[in-house]
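Some notes on the structure that comes next.
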Amino acid sequence: MADLTTNFAGGIRCPNPFWLASGPPANCGEQVLRAFDAGWGGAVWKTLGDPIVNVSSRYSSVDWNRQRMMGLNNIELITDRPLDVNLREISEVKKRFPKHAVIASLMVESKREAWHQIVRQAEDAGSDGLELNFGCPHGMSERGMGSAVGQVPEYAELITSWVKEVARTPVLVKLTPNISDIRMVARAAKRGGADGLSAINTINSITGIDLDTLTPRPDVGGKSSHGGYCGPAVKPIALHMVQQIAGDEQSRLPISGIGGISGWQDAAEFILLGAGTVQVCTAAMHYGFRIVEDMIDGLSNWMNAKGFRAIDDFCGVSLPRVVEWKNLDLNYKIIARIHPEKCIGCELCYTACWDGAHQCIHLDRATAGNVHGRRTPAQVEAESARRIASTPIAKLDGANGDGGPYATPLARIPRVDEDECVGCNLCALVCPVDGCITMDRVDTGRPFESWEQRSAALAKGGQC
Amino acid sequence: MIAASDEIGRRFAEIHPAFDPQAALVEANRCLYCFDAPCTAACPTHIDVPRFIKKIATANLRGSAVTILESNILGSSCSRVCPVDVLCEGACVLHRYNKQPIEIGRLQRHAMDYFYRSGRRLPFTPAPDRAAKVACIGAGPASLACAVELRKRGYGVTIFESRPLAGGLNTYGVAEYKLRPADSLREVELVKSLGVEFRFGVNVGGDVSLDDLERDYAAIFIAIGLGPPTPMKLPGEELEGVVDALRFIADYKTAQTIPVGRKVAVIGGGNTAIDAANAARRLGAGEVYMIYRRSEREMPAFLFEYEHSKLEGVQFRLQTQPVAIRSAASDARRVGALECVRMELGEPDRSGRRKPEPAPGSNFTIECDMVIPATGQSRFLDFLSKCRGVEVKDGCVVTDPATGRTANSRYYAAGDCVNGGREVVDAVAEGKRAGLGIVSWLCGAGW
Ligand SMILES: Cc1cc2nc3c(=O)[nH]c(=O)nc-3n(C[C@H](O)[C@H](O)[C@H](O)COP(=O)(O)OP(=O)(O)OC[C@H]3O[C@@H](n4cnc5c(N)ncnc54)[C@H](O)[C@@H]3O)c2cc1C
Ligand SMILES: Cc1cc2nc3c(=O)[nH]c(=O)nc-3n(C[C@H](O)[C@H](O)[C@H](O)COP(=O)(O)O)c2cc1C
Ligand code: SF4
Ligand code: SF4
């Protein structure tokens, strides 16, 4: 049976690697208690610091084809509750849930004394670890905090070292993605003595503009401000950043993966790229704490199926599979194969290949002898437009219709010109039917050869 | 007895009600946006279905409506009356995906309702006026579609219609729960606003001769549809309470006072018979029987119409042939019963359907106080014989399908009078092609 218990960054223990990220779901003790009841393994408290004043509205989102909140944007600041109230609630939660992880997220002015003081207060309250919020990209950064620190490696290193002077529990540094190379700050945090890294915080964004009022969202009295973007849309960016720091010798530290995690598959992917725990904010805001049940259940079932007994068994397993482009095999070849029995005849692969790829999918199955047919999309459409169609009427057309709907007509099933297919995957990506287009390996008969090898060989050849 | 039209409205609640806006968006987003989409190919007018659906999804309802109207000026009535199961929706690839085709008809209606609700601004501007004029005979769907193609290119059009209202069977024939006359007439207004002239109450061949038209117009377009139902030649057909289906339907639709029987027998197995039977039910008849001589499998009505009719409470008397209409015991002038005979199905006949033969001695009567014959429409043979040089075969005008041109180069034709009685959308498609055919002929002739 899969064992999800986790011991993270040298001493943060928890029943499973699913933590609430610092944000609205971990705003107060009452919420965190309910979250732990629902099954969450840990929670990073909404960032503590000098209380602030928020605006309304605060959030906006990106929907995609009616799917709500594919991306979420916020202009909210750190906690707006008094520090002593938060600290008291942290103590209460720890008393009720001693085995769960409570991490205090911290952000204060860039003064050594201020950091010392809040670290002591958080640890005295009973938190199991600290997360330094160097990532908040809006509002706080205008005041010299959050991403204003996270974007300057020297500041990040200095503040981390201040914290480490007094901290007794593991110190995580939460990184901002709003920087050209996240490894620069990751390395600085490591030099400053951090015990772990959390990545990523939100990404600078403007989600959109109300086309009636012409005000960007979210609208605060006719004005808006850039916010921080998160949710499913940011997962690929977060995964890349996790891979970057996990694959970098000088940054290597335990990682708490964050960004767009909404289910167990996302979590597994972060862990495969080196995360030891994962944090969730948007998905919990969207569907509530109950989503953790399937995260735990799904991950356990997958681990059992794969034979992984513990998180460590697969943590970072996919990392070696990410290499630099120059080390990929130039002689590996795949081509698209359409499985006609599954094809529904939407012809999306055809138009995608013509307009977005290499013009090597053709509609010529029904026109024999036209093997390398080159009917352009415009010709195909013009032929259809000329065709005369009429309503089938039994009395006029003979026998009653055979009832339809019918199998995909041969003429609508596209054909891949295998000599021309470059194996880009686009058709398989657009095909709505699972398994209808497979990308099949073809043997080129040539051994592995990377660009690096090929260019080295060319250079050598050039010399002689 | 039913009188007021609001009572008709109540009894004929729509069978395909409008989407609410949220539901339309959900549905529009399901469309895959197929390339060379089969739904578009299946539509006789080739409406660019995925394009108009995409525009609904992006909240561009005006653009969606114009996309529809560019291909089909009767996009609103077609969205309501088309047998979509055997057209666009039948062709939707999602049948083979998750078995839930896109509700194209209702989405089309959604866009068209917006168009009419938001003030019916012209979808296109006609070209500057040209000298040549075309006469269209009949103001049904075929003529309306033809007239619009001509007006778009600046030609003058006069439509001659013997009835007081335009729209043809869209106004007078289609079941009320699909399309109401008011909705048919607002499309006529749209056509009128493009500059088409209408002359009502004019019976061409009677009030106005074809010679007159030939003199005053460059081309003549025939779109007279089909005639009244052919008499069944049954004893008792002259009794009170025998009303042919088309008259029965036209009367209730134009909300004249309609007596409907308590027990009604509808004779026929086609879509018109079904419409009449359903209407009789909705107008209050207690028992409605549909008398059809073959079996369910041979029934010419669309399967979905047959299924719907069963839900309306119509009782089917299959393999049954009427032999006489009997008068009532209380009143010798009125219908009292329908005498029928059972039919056995023999070998397949020329149409491939098994031939029904009366079973000797199986006569029986069905008690009823109204009989509605619905056994197919006649042809306007007399009128067509006056159209010089126009070839007619099996009662249908012979045309070149691509241009609607008849054997006489100045005469074009489309719709039921050509195709023998298909659907509104076929009449529109043929009318459109004929319109374009006339345009290219006029251009060629230097007009
Ligand atoms: C009861 C019934 C229900 C139907 N239901 C549906 C349905 O649900 N969906 C669907 O798609 N189709 C339906 N149809 C079929 C559809 O109505 C027709 O296919 C379509 O209306 C044909 O259009 P048209 O323009 O050819 O002819 P029509 O609509 O018949 O129009 C012809 C017009 O010409 C006029 N006319 C005739 N002779 C002359 C003359 N000599 N001078 C001047 N005017 C003349 C007539 O008065 C009429 O207005 C139904 C048909 C019937 C009978
Ligand atoms: C409304 C909101 C408020 C947030 N506040 C904080 C915060 O106070 N401190 C912090 O470190 N991160 C904060 N975050 C960032 C989240 O902790 C997390 O890094 C980010 O949302 C990405 O994860 P997700 O895609 O699961 O939401 C906030 C996010 C949101 C949506
Ligand atoms: S995208 Fe897939 S289903 Fe659509 S035509 Fe291509 S192979 Fe067939
Ligand atoms: S066939 Fe169906 S899914 Fe494809 S474009 Fe038409 S309505 Fe959309």
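For the structure tokens, the naming scheme is as follows: chains receive sequential letters (A, B, ...) according to their order of presentation, residues are indexed from 1 within each chain, and ligands are indexed from 1 in presentation order.
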| message | With only C-alpha atoms considered, list every residue of chain A at most 6 Å from chain B, as a ChimeraX atom specification. | response | /A:65,344,346-348,381,389-390,394-395,398,405
* To do: Enumerate, as an NGL selection string, the complete set of residues in range 288-347 of chain A that a backbone-based DSSP assignment places in strand (DSSP E).
  => :A and (333-338)
inquiry  = DSSP on the backbone, helix (DSSP H, G or I) only: what residues of range 152-343 of chain B does that give? Format it as a ChimeraX atom specification.
reply    = /B:152,169-172,181-193,210-216,245-253,271-282,296-298,303-311
Surroundings of ligand 1 up to 7 Å, based on only C-alpha atoms and all ligand atoms, as a short mmCIF file (atom, residue, chain, number, x, y, z; two decimals) with all heavy atoms, in the first residue's frame:
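Saved to selection_5.cif:
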```
data_model
loop_
_atom_site.label_atom_id
_atom_site.label_comp_id
_atom_site.auth_asym_id
_atom_site.auth_seq_id
_atom_site.Cartn_x
_atom_site.Cartn_y
_atom_site.Cartn_z
N CYS B 78 -36.50 28.13 -41.05
CA CYS B 78 -35.82 26.84 -41.20
C CYS B 78 -35.34 26.32 -39.86
O CYS B 78 -35.38 25.11 -39.60
CB CYS B 78 -34.66 26.96 -42.17
SG CYS B 78 -35.21 26.94 -43.90
N VAL B 81 -38.50 24.68 -38.54
CA VAL B 81 -39.28 23.65 -39.24
C VAL B 81 -38.44 22.54 -39.87
O VAL B 81 -38.97 21.52 -40.28
CB VAL B 81 -40.19 24.27 -40.33
CG1 VAL B 81 -41.01 25.41 -39.76
CG2 VAL B 81 -39.40 24.74 -41.53
N CYS B 82 -37.14 22.75 -39.98
CA CYS B 82 -36.33 21.76 -40.69
C CYS B 82 -36.33 20.41 -39.97
O CYS B 82 -36.24 20.36 -38.75
CB CYS B 82 -34.88 22.24 -40.79
SG CYS B 82 -34.60 23.27 -42.21
N PRO B 83 -36.40 19.33 -40.74
CA PRO B 83 -36.21 18.00 -40.13
C PRO B 83 -34.71 17.78 -39.89
O PRO B 83 -34.06 17.05 -40.64
CB PRO B 83 -36.77 17.06 -41.19
CG PRO B 83 -36.61 17.80 -42.49
CD PRO B 83 -36.66 19.27 -42.18
N ILE B 137 -43.88 33.82 -59.31
CA ILE B 137 -45.26 33.39 -59.11
C ILE B 137 -45.34 32.52 -57.87
O ILE B 137 -44.72 31.45 -57.81
CB ILE B 137 -45.79 32.63 -60.34
CG1 ILE B 137 -45.50 33.44 -61.61
CG2 ILE B 137 -47.29 32.34 -60.20
CD1 ILE B 137 -45.81 32.68 -62.88
N GLY B 138 -46.10 33.01 -56.89
CA GLY B 138 -46.19 32.31 -55.60
C GLY B 138 -45.25 32.98 -54.62
O GLY B 138 -44.12 33.30 -54.96
N ALA B 139 -45.74 33.21 -53.38
CA ALA B 139 -44.92 33.91 -52.39
C ALA B 139 -44.45 32.94 -51.31
O ALA B 139 -44.33 33.29 -50.14
CB ALA B 139 -45.68 35.07 -51.77
N GLY B 140 -44.19 31.70 -51.70
CA GLY B 140 -43.68 30.72 -50.74
C GLY B 140 -42.17 30.84 -50.59
O GLY B 140 -41.54 31.73 -51.15
N PRO B 141 -41.60 29.93 -49.82
CA PRO B 141 -40.16 29.97 -49.54
C PRO B 141 -39.29 30.05 -50.79
O PRO B 141 -38.32 30.80 -50.81
CB PRO B 141 -39.92 28.64 -48.80
CG PRO B 141 -41.23 28.35 -48.14
CD PRO B 141 -42.28 28.86 -49.08
N ALA B 142 -39.66 29.34 -51.85
CA ALA B 142 -38.81 29.34 -53.04
C ALA B 142 -38.73 30.73 -53.65
O ALA B 142 -37.64 31.21 -53.99
CB ALA B 142 -39.35 28.33 -54.06
N SER B 143 -39.85 31.40 -53.75
CA SER B 143 -39.85 32.74 -54.34
C SER B 143 -39.11 33.74 -53.46
O SER B 143 -38.38 34.60 -53.95
CB SER B 143 -41.28 33.25 -54.53
OG SER B 143 -41.77 32.85 -55.78
N PHE B 160 -46.08 37.62 -57.25
CA PHE B 160 -47.53 37.51 -57.37
C PHE B 160 -48.03 36.36 -56.52
O PHE B 160 -47.51 35.24 -56.63
CB PHE B 160 -47.92 37.26 -58.84
CG PHE B 160 -47.56 38.40 -59.73
CD1 PHE B 160 -46.30 38.47 -60.32
CD2 PHE B 160 -48.47 39.43 -59.97
CE1 PHE B 160 -45.97 39.53 -61.16
CE2 PHE B 160 -48.14 40.50 -60.80
CZ PHE B 160 -46.89 40.55 -61.40
N GLU B 161 -49.02 36.63 -55.69
CA GLU B 161 -49.51 35.60 -54.77
C GLU B 161 -51.03 35.61 -54.77
O GLU B 161 -51.65 36.66 -54.59
CB GLU B 161 -48.94 35.84 -53.36
CG GLU B 161 -49.56 35.00 -52.25
CD GLU B 161 -49.43 33.49 -52.46
OE1 GLU B 161 -48.30 33.01 -52.67
OE2 GLU B 161 -50.47 32.80 -52.45
N SER B 162 -51.63 34.45 -54.94
CA SER B 162 -53.09 34.41 -54.98
C SER B 162 -53.72 34.57 -53.60
O SER B 162 -54.84 35.05 -53.47
CB SER B 162 -53.56 33.11 -55.64
OG SER B 162 -53.00 32.01 -54.98
N ARG B 163 -52.98 34.20 -52.56
CA ARG B 163 -53.54 34.31 -51.21
C ARG B 163 -53.34 35.72 -50.66
O ARG B 163 -52.55 36.50 -51.20
CB ARG B 163 -52.81 33.35 -50.29
CG ARG B 163 -52.96 31.88 -50.67
CD ARG B 163 -53.07 31.12 -49.39
NE ARG B 163 -52.83 29.71 -49.52
CZ ARG B 163 -53.46 28.82 -48.76
NH1 ARG B 163 -54.37 29.20 -47.90
NH2 ARG B 163 -53.17 27.55 -48.88
N ALA B 166 -48.22 36.34 -47.60
CA ALA B 166 -47.06 35.68 -48.20
C ALA B 166 -46.53 34.60 -47.25
O ALA B 166 -46.98 34.46 -46.13
CB ALA B 166 -45.97 36.71 -48.47
N GLY B 167 -45.58 33.85 -47.74
CA GLY B 167 -44.95 32.81 -46.92
C GLY B 167 -45.26 31.41 -47.39
O GLY B 167 -44.61 30.45 -47.00
N GLY B 168 -46.33 31.29 -48.24
CA GLY B 168 -46.70 29.95 -48.71
C GLY B 168 -47.04 29.06 -47.54
O GLY B 168 -47.69 29.50 -46.58
N LEU B 169 -46.60 27.82 -47.61
CA LEU B 169 -46.94 26.87 -46.55
C LEU B 169 -46.30 27.22 -45.22
O LEU B 169 -46.74 26.76 -44.17
CB LEU B 169 -46.57 25.45 -46.97
CG LEU B 169 -47.46 24.87 -48.09
CD1 LEU B 169 -46.89 23.57 -48.62
CD2 LEU B 169 -48.89 24.66 -47.57
N ASN B 170 -45.25 28.06 -45.23
CA ASN B 170 -44.69 28.52 -43.95
C ASN B 170 -45.74 29.27 -43.16
O ASN B 170 -45.76 29.23 -41.93
CB ASN B 170 -43.50 29.45 -44.21
CG ASN B 170 -42.19 28.75 -43.95
OD1 ASN B 170 -42.18 27.60 -43.51
ND2 ASN B 170 -41.10 29.45 -44.19
N GLY B 173 -49.23 26.28 -43.73
CA GLY B 173 -49.21 24.83 -43.67
C GLY B 173 -48.44 24.19 -42.53
O GLY B 173 -48.87 23.18 -41.98
N VAL B 174 -47.32 24.77 -42.16
CA VAL B 174 -46.44 24.10 -41.20
C VAL B 174 -47.08 24.09 -39.82
O VAL B 174 -47.73 25.05 -39.42
CB VAL B 174 -45.07 24.80 -41.16
CG1 VAL B 174 -44.23 24.26 -40.04
CG2 VAL B 174 -44.37 24.66 -42.50
N ALA B 175 -46.90 23.00 -39.11
CA ALA B 175 -47.54 22.85 -37.80
C ALA B 175 -47.24 24.04 -36.89
O ALA B 175 -46.12 24.53 -36.82
CB ALA B 175 -47.06 21.56 -37.14
N LYS B 178 -44.40 24.34 -34.49
CA LYS B 178 -43.06 24.57 -35.03
C LYS B 178 -42.89 26.04 -35.40
O LYS B 178 -41.91 26.66 -35.07
CB LYS B 178 -42.83 23.72 -36.29
CG LYS B 178 -42.73 22.24 -36.03
CD LYS B 178 -42.41 21.53 -37.35
CE LYS B 178 -42.55 20.03 -37.23
NZ LYS B 178 -42.58 19.41 -38.56
N VAL B 202 -53.59 37.95 -56.33
CA VAL B 202 -53.49 37.86 -57.79
C VAL B 202 -53.18 36.44 -58.18
O VAL B 202 -52.13 35.90 -57.84
CB VAL B 202 -52.37 38.80 -58.33
CG1 VAL B 202 -52.31 38.70 -59.85
CG2 VAL B 202 -52.59 40.22 -57.86
N ASN B 203 -54.12 35.83 -58.90
CA ASN B 203 -53.92 34.47 -59.34
C ASN B 203 -53.36 34.51 -60.76
O ASN B 203 -54.05 34.94 -61.69
CB ASN B 203 -55.26 33.73 -59.29
CG ASN B 203 -55.11 32.28 -59.69
OD1 ASN B 203 -54.01 31.72 -59.60
ND2 ASN B 203 -56.18 31.70 -60.17
N VAL B 204 -52.10 34.14 -60.89
CA VAL B 204 -51.50 34.19 -62.22
C VAL B 204 -52.08 33.06 -63.05
O VAL B 204 -52.22 31.94 -62.58
CB VAL B 204 -49.96 34.07 -62.14
CG1 VAL B 204 -49.36 34.03 -63.55
CG2 VAL B 204 -49.38 35.23 -61.35
N GLY B 205 -52.40 33.39 -64.29
CA GLY B 205 -53.09 32.41 -65.14
C GLY B 205 -54.57 32.74 -65.16
O GLY B 205 -55.28 32.35 -66.08
N ALA B 223 -42.96 29.26 -58.80
CA ALA B 223 -42.78 28.62 -57.49
C ALA B 223 -44.16 28.49 -56.84
O ALA B 223 -44.43 29.07 -55.80
CB ALA B 223 -41.83 29.42 -56.63
N ILE B 224 -45.00 27.75 -57.52
CA ILE B 224 -46.42 27.69 -57.13
C ILE B 224 -46.70 26.58 -56.14
O ILE B 224 -47.84 26.42 -55.67
CB ILE B 224 -47.32 27.52 -58.37
CG1 ILE B 224 -46.82 26.31 -59.17
CG2 ILE B 224 -47.32 28.78 -59.22
CD1 ILE B 224 -47.71 25.96 -60.36
N GLY B 225 -45.69 25.79 -55.81
CA GLY B 225 -45.92 24.70 -54.85
C GLY B 225 -46.81 23.64 -55.44
O GLY B 225 -46.89 23.47 -56.66
N LEU B 226 -47.50 22.93 -54.56
CA LEU B 226 -48.41 21.86 -54.98
C LEU B 226 -49.84 22.32 -54.73
O LEU B 226 -50.09 23.23 -53.96
CB LEU B 226 -48.12 20.58 -54.22
CG LEU B 226 -46.71 20.00 -54.44
CD1 LEU B 226 -46.50 18.77 -53.55
CD2 LEU B 226 -46.48 19.63 -55.89
N LEU B 246 -54.96 20.04 -45.69
CA LEU B 246 -54.38 21.36 -45.89
C LEU B 246 -55.34 22.46 -45.49
O LEU B 246 -54.95 23.46 -44.91
CB LEU B 246 -53.94 21.53 -47.34
CG LEU B 246 -52.70 20.75 -47.72
CD1 LEU B 246 -52.21 21.16 -49.09
CD2 LEU B 246 -51.61 20.94 -46.69
N ILE B 249 -55.59 22.52 -41.68
CA ILE B 249 -54.40 23.15 -41.06
C ILE B 249 -54.41 24.67 -41.31
O ILE B 249 -54.21 25.46 -40.40
CB ILE B 249 -53.12 22.50 -41.60
CG1 ILE B 249 -53.03 21.05 -41.10
CG2 ILE B 249 -51.89 23.29 -41.17
CD1 ILE B 249 -51.94 20.22 -41.77
N ASN B 271 -46.06 13.10 -43.49
CA ASN B 271 -45.87 14.16 -42.51
C ASN B 271 -47.10 15.05 -42.38
O ASN B 271 -47.42 15.52 -41.29
CB ASN B 271 -44.64 14.98 -42.88
CG ASN B 271 -43.37 14.15 -42.79
OD1 ASN B 271 -43.20 13.38 -41.84
ND2 ASN B 271 -42.51 14.30 -43.78
N THR B 272 -47.78 15.28 -43.50
CA THR B 272 -48.97 16.12 -43.44
C THR B 272 -50.07 15.45 -42.62
O THR B 272 -50.74 16.08 -41.80
CB THR B 272 -49.49 16.42 -44.86
OG1 THR B 272 -48.46 17.11 -45.56
CG2 THR B 272 -50.74 17.26 -44.84
N ASP B 275 -49.17 15.90 -39.08
CA ASP B 275 -49.45 17.27 -38.62
C ASP B 275 -50.93 17.46 -38.34
O ASP B 275 -51.33 18.08 -37.36
CB ASP B 275 -49.02 18.29 -39.68
CG ASP B 275 -47.51 18.51 -39.67
OD1 ASP B 275 -46.82 17.85 -38.87
OD2 ASP B 275 -47.04 19.34 -40.47
N PHE B 383 -52.32 24.99 -64.80
CA PHE B 383 -51.47 26.18 -64.85
C PHE B 383 -50.19 25.88 -65.63
O PHE B 383 -49.78 26.64 -66.51
CB PHE B 383 -51.12 26.66 -63.43
CG PHE B 383 -50.14 27.79 -63.42
CD1 PHE B 383 -50.57 29.10 -63.53
CD2 PHE B 383 -48.77 27.54 -63.35
CE1 PHE B 383 -49.66 30.14 -63.55
CE2 PHE B 383 -47.85 28.58 -63.37
CZ PHE B 383 -48.30 29.89 -63.47
N ALA B 414 -38.68 26.45 -59.11
CA ALA B 414 -38.06 25.84 -57.93
C ALA B 414 -39.13 25.50 -56.90
O ALA B 414 -40.28 25.95 -57.00
CB ALA B 414 -37.04 26.80 -57.31
N GLY B 415 -38.74 24.71 -55.93
CA GLY B 415 -39.62 24.39 -54.81
C GLY B 415 -40.45 23.15 -55.08
O GLY B 415 -40.14 22.34 -55.95
N ASP B 416 -41.53 23.04 -54.32
CA ASP B 416 -42.37 21.85 -54.39
C ASP B 416 -42.83 21.52 -55.80
O ASP B 416 -42.99 20.35 -56.15
CB ASP B 416 -43.61 22.02 -53.49
CG ASP B 416 -43.31 21.76 -52.02
OD1 ASP B 416 -42.13 21.43 -51.72
OD2 ASP B 416 -44.24 21.87 -51.19
N CYS B 417 -43.05 22.55 -56.64
CA CYS B 417 -43.57 22.28 -57.98
C CYS B 417 -42.51 21.64 -58.87
O CYS B 417 -42.83 21.10 -59.92
CB CYS B 417 -44.15 23.54 -58.63
SG CYS B 417 -42.94 24.81 -59.03
N GLY B 421 -42.39 18.02 -53.74
CA GLY B 421 -42.83 18.18 -52.35
C GLY B 421 -41.78 17.71 -51.37
O GLY B 421 -41.90 16.62 -50.81
N ARG B 422 -40.78 18.55 -51.21
CA ARG B 422 -39.81 18.24 -50.15
C ARG B 422 -40.06 19.19 -49.00
O ARG B 422 -41.20 19.35 -48.56
CB ARG B 422 -38.37 18.30 -50.69
CG ARG B 422 -38.02 17.08 -51.51
CD ARG B 422 -36.57 17.09 -51.95
NE ARG B 422 -36.42 16.15 -53.05
CZ ARG B 422 -36.03 14.87 -52.92
NH1 ARG B 422 -35.70 14.39 -51.75
NH2 ARG B 422 -35.96 14.09 -53.97
N GLU B 423 -39.01 19.85 -48.57
CA GLU B 423 -39.13 20.65 -47.35
C GLU B 423 -38.87 22.11 -47.66
O GLU B 423 -38.41 22.47 -48.74
CB GLU B 423 -38.11 20.14 -46.32
CG GLU B 423 -38.30 18.68 -45.96
CD GLU B 423 -39.58 18.43 -45.16
OE1 GLU B 423 -39.68 18.92 -44.03
OE2 GLU B 423 -40.48 17.74 -45.68
N VAL B 424 -39.12 22.94 -46.65
CA VAL B 424 -38.93 24.38 -46.81
C VAL B 424 -37.49 24.67 -47.25
O VAL B 424 -37.24 25.44 -48.18
CB VAL B 424 -39.25 25.12 -45.49
CG1 VAL B 424 -38.86 26.59 -45.59
CG2 VAL B 424 -40.74 24.98 -45.16
N VAL B 425 -36.55 24.03 -46.58
CA VAL B 425 -35.14 24.34 -46.87
C VAL B 425 -34.77 23.95 -48.30
O VAL B 425 -33.92 24.59 -48.92
CB VAL B 425 -34.22 23.66 -45.82
CG1 VAL B 425 -34.19 22.15 -45.98
CG2 VAL B 425 -32.82 24.24 -45.90
N ASP B 426 -35.41 22.93 -48.83
CA ASP B 426 -35.14 22.56 -50.23
C ASP B 426 -35.67 23.64 -51.16
O ASP B 426 -35.03 23.99 -52.16
CB ASP B 426 -35.79 21.21 -50.55
CG ASP B 426 -35.22 20.10 -49.70
OD1 ASP B 426 -34.04 19.77 -49.90
OD2 ASP B 426 -35.94 19.60 -48.81
N ALA B 427 -36.86 24.16 -50.83
CA ALA B 427 -37.43 25.22 -51.65
C ALA B 427 -36.52 26.44 -51.62
O ALA B 427 -36.29 27.09 -52.64
CB ALA B 427 -38.83 25.57 -51.14
#
```
* **Non-local contacts of Pro218 in chain A (10 Å; only C-alpha atoms; under 2 positions in same chain excluded) as a list in words** => Ser56, Ser57, Arg58, Tyr59, Ser60, Ser61, Asn73, Asn74, Ile75, Ile206, Thr207, Gly208, Ile209, Asp210, Thr215, Pro216, Val220, Gly221, Gly222, Lys223, Ser224, Ser225, His226 and Gly227 of chain A
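Residues in contact with Cys431 in chain A at 10 Å, where only C-alpha atoms are counted and same-chain residues fewer than 3 positions away are skipped, are listed as Ile338, Cys343, Ile344, Gly345, Cys346, Glu347, Leu348, Cys349, Tyr350, Ala352, Leu426, Cys427, Ala428, Asp434, Gly435, Cys436 and Ile437 of chain A; Leu32 of chain B.
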Checklist line | Near-range 76-89 of chain A list (10 Å; only C-alpha atoms; drop same-chain fewer than 2 positions) as a ChimeraX atom specification | finding: /A:22-24,27-30,32-33,45-59,73-74,91-95,104-107,118,121-127,133,136-141,146,227-228
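Distances here use only C-alpha atoms; by that measure, the residue among B:Gln319, B:Ser193, B:Gln377, B:Ser77 closest to Met112 in chain B is B:Ser77.
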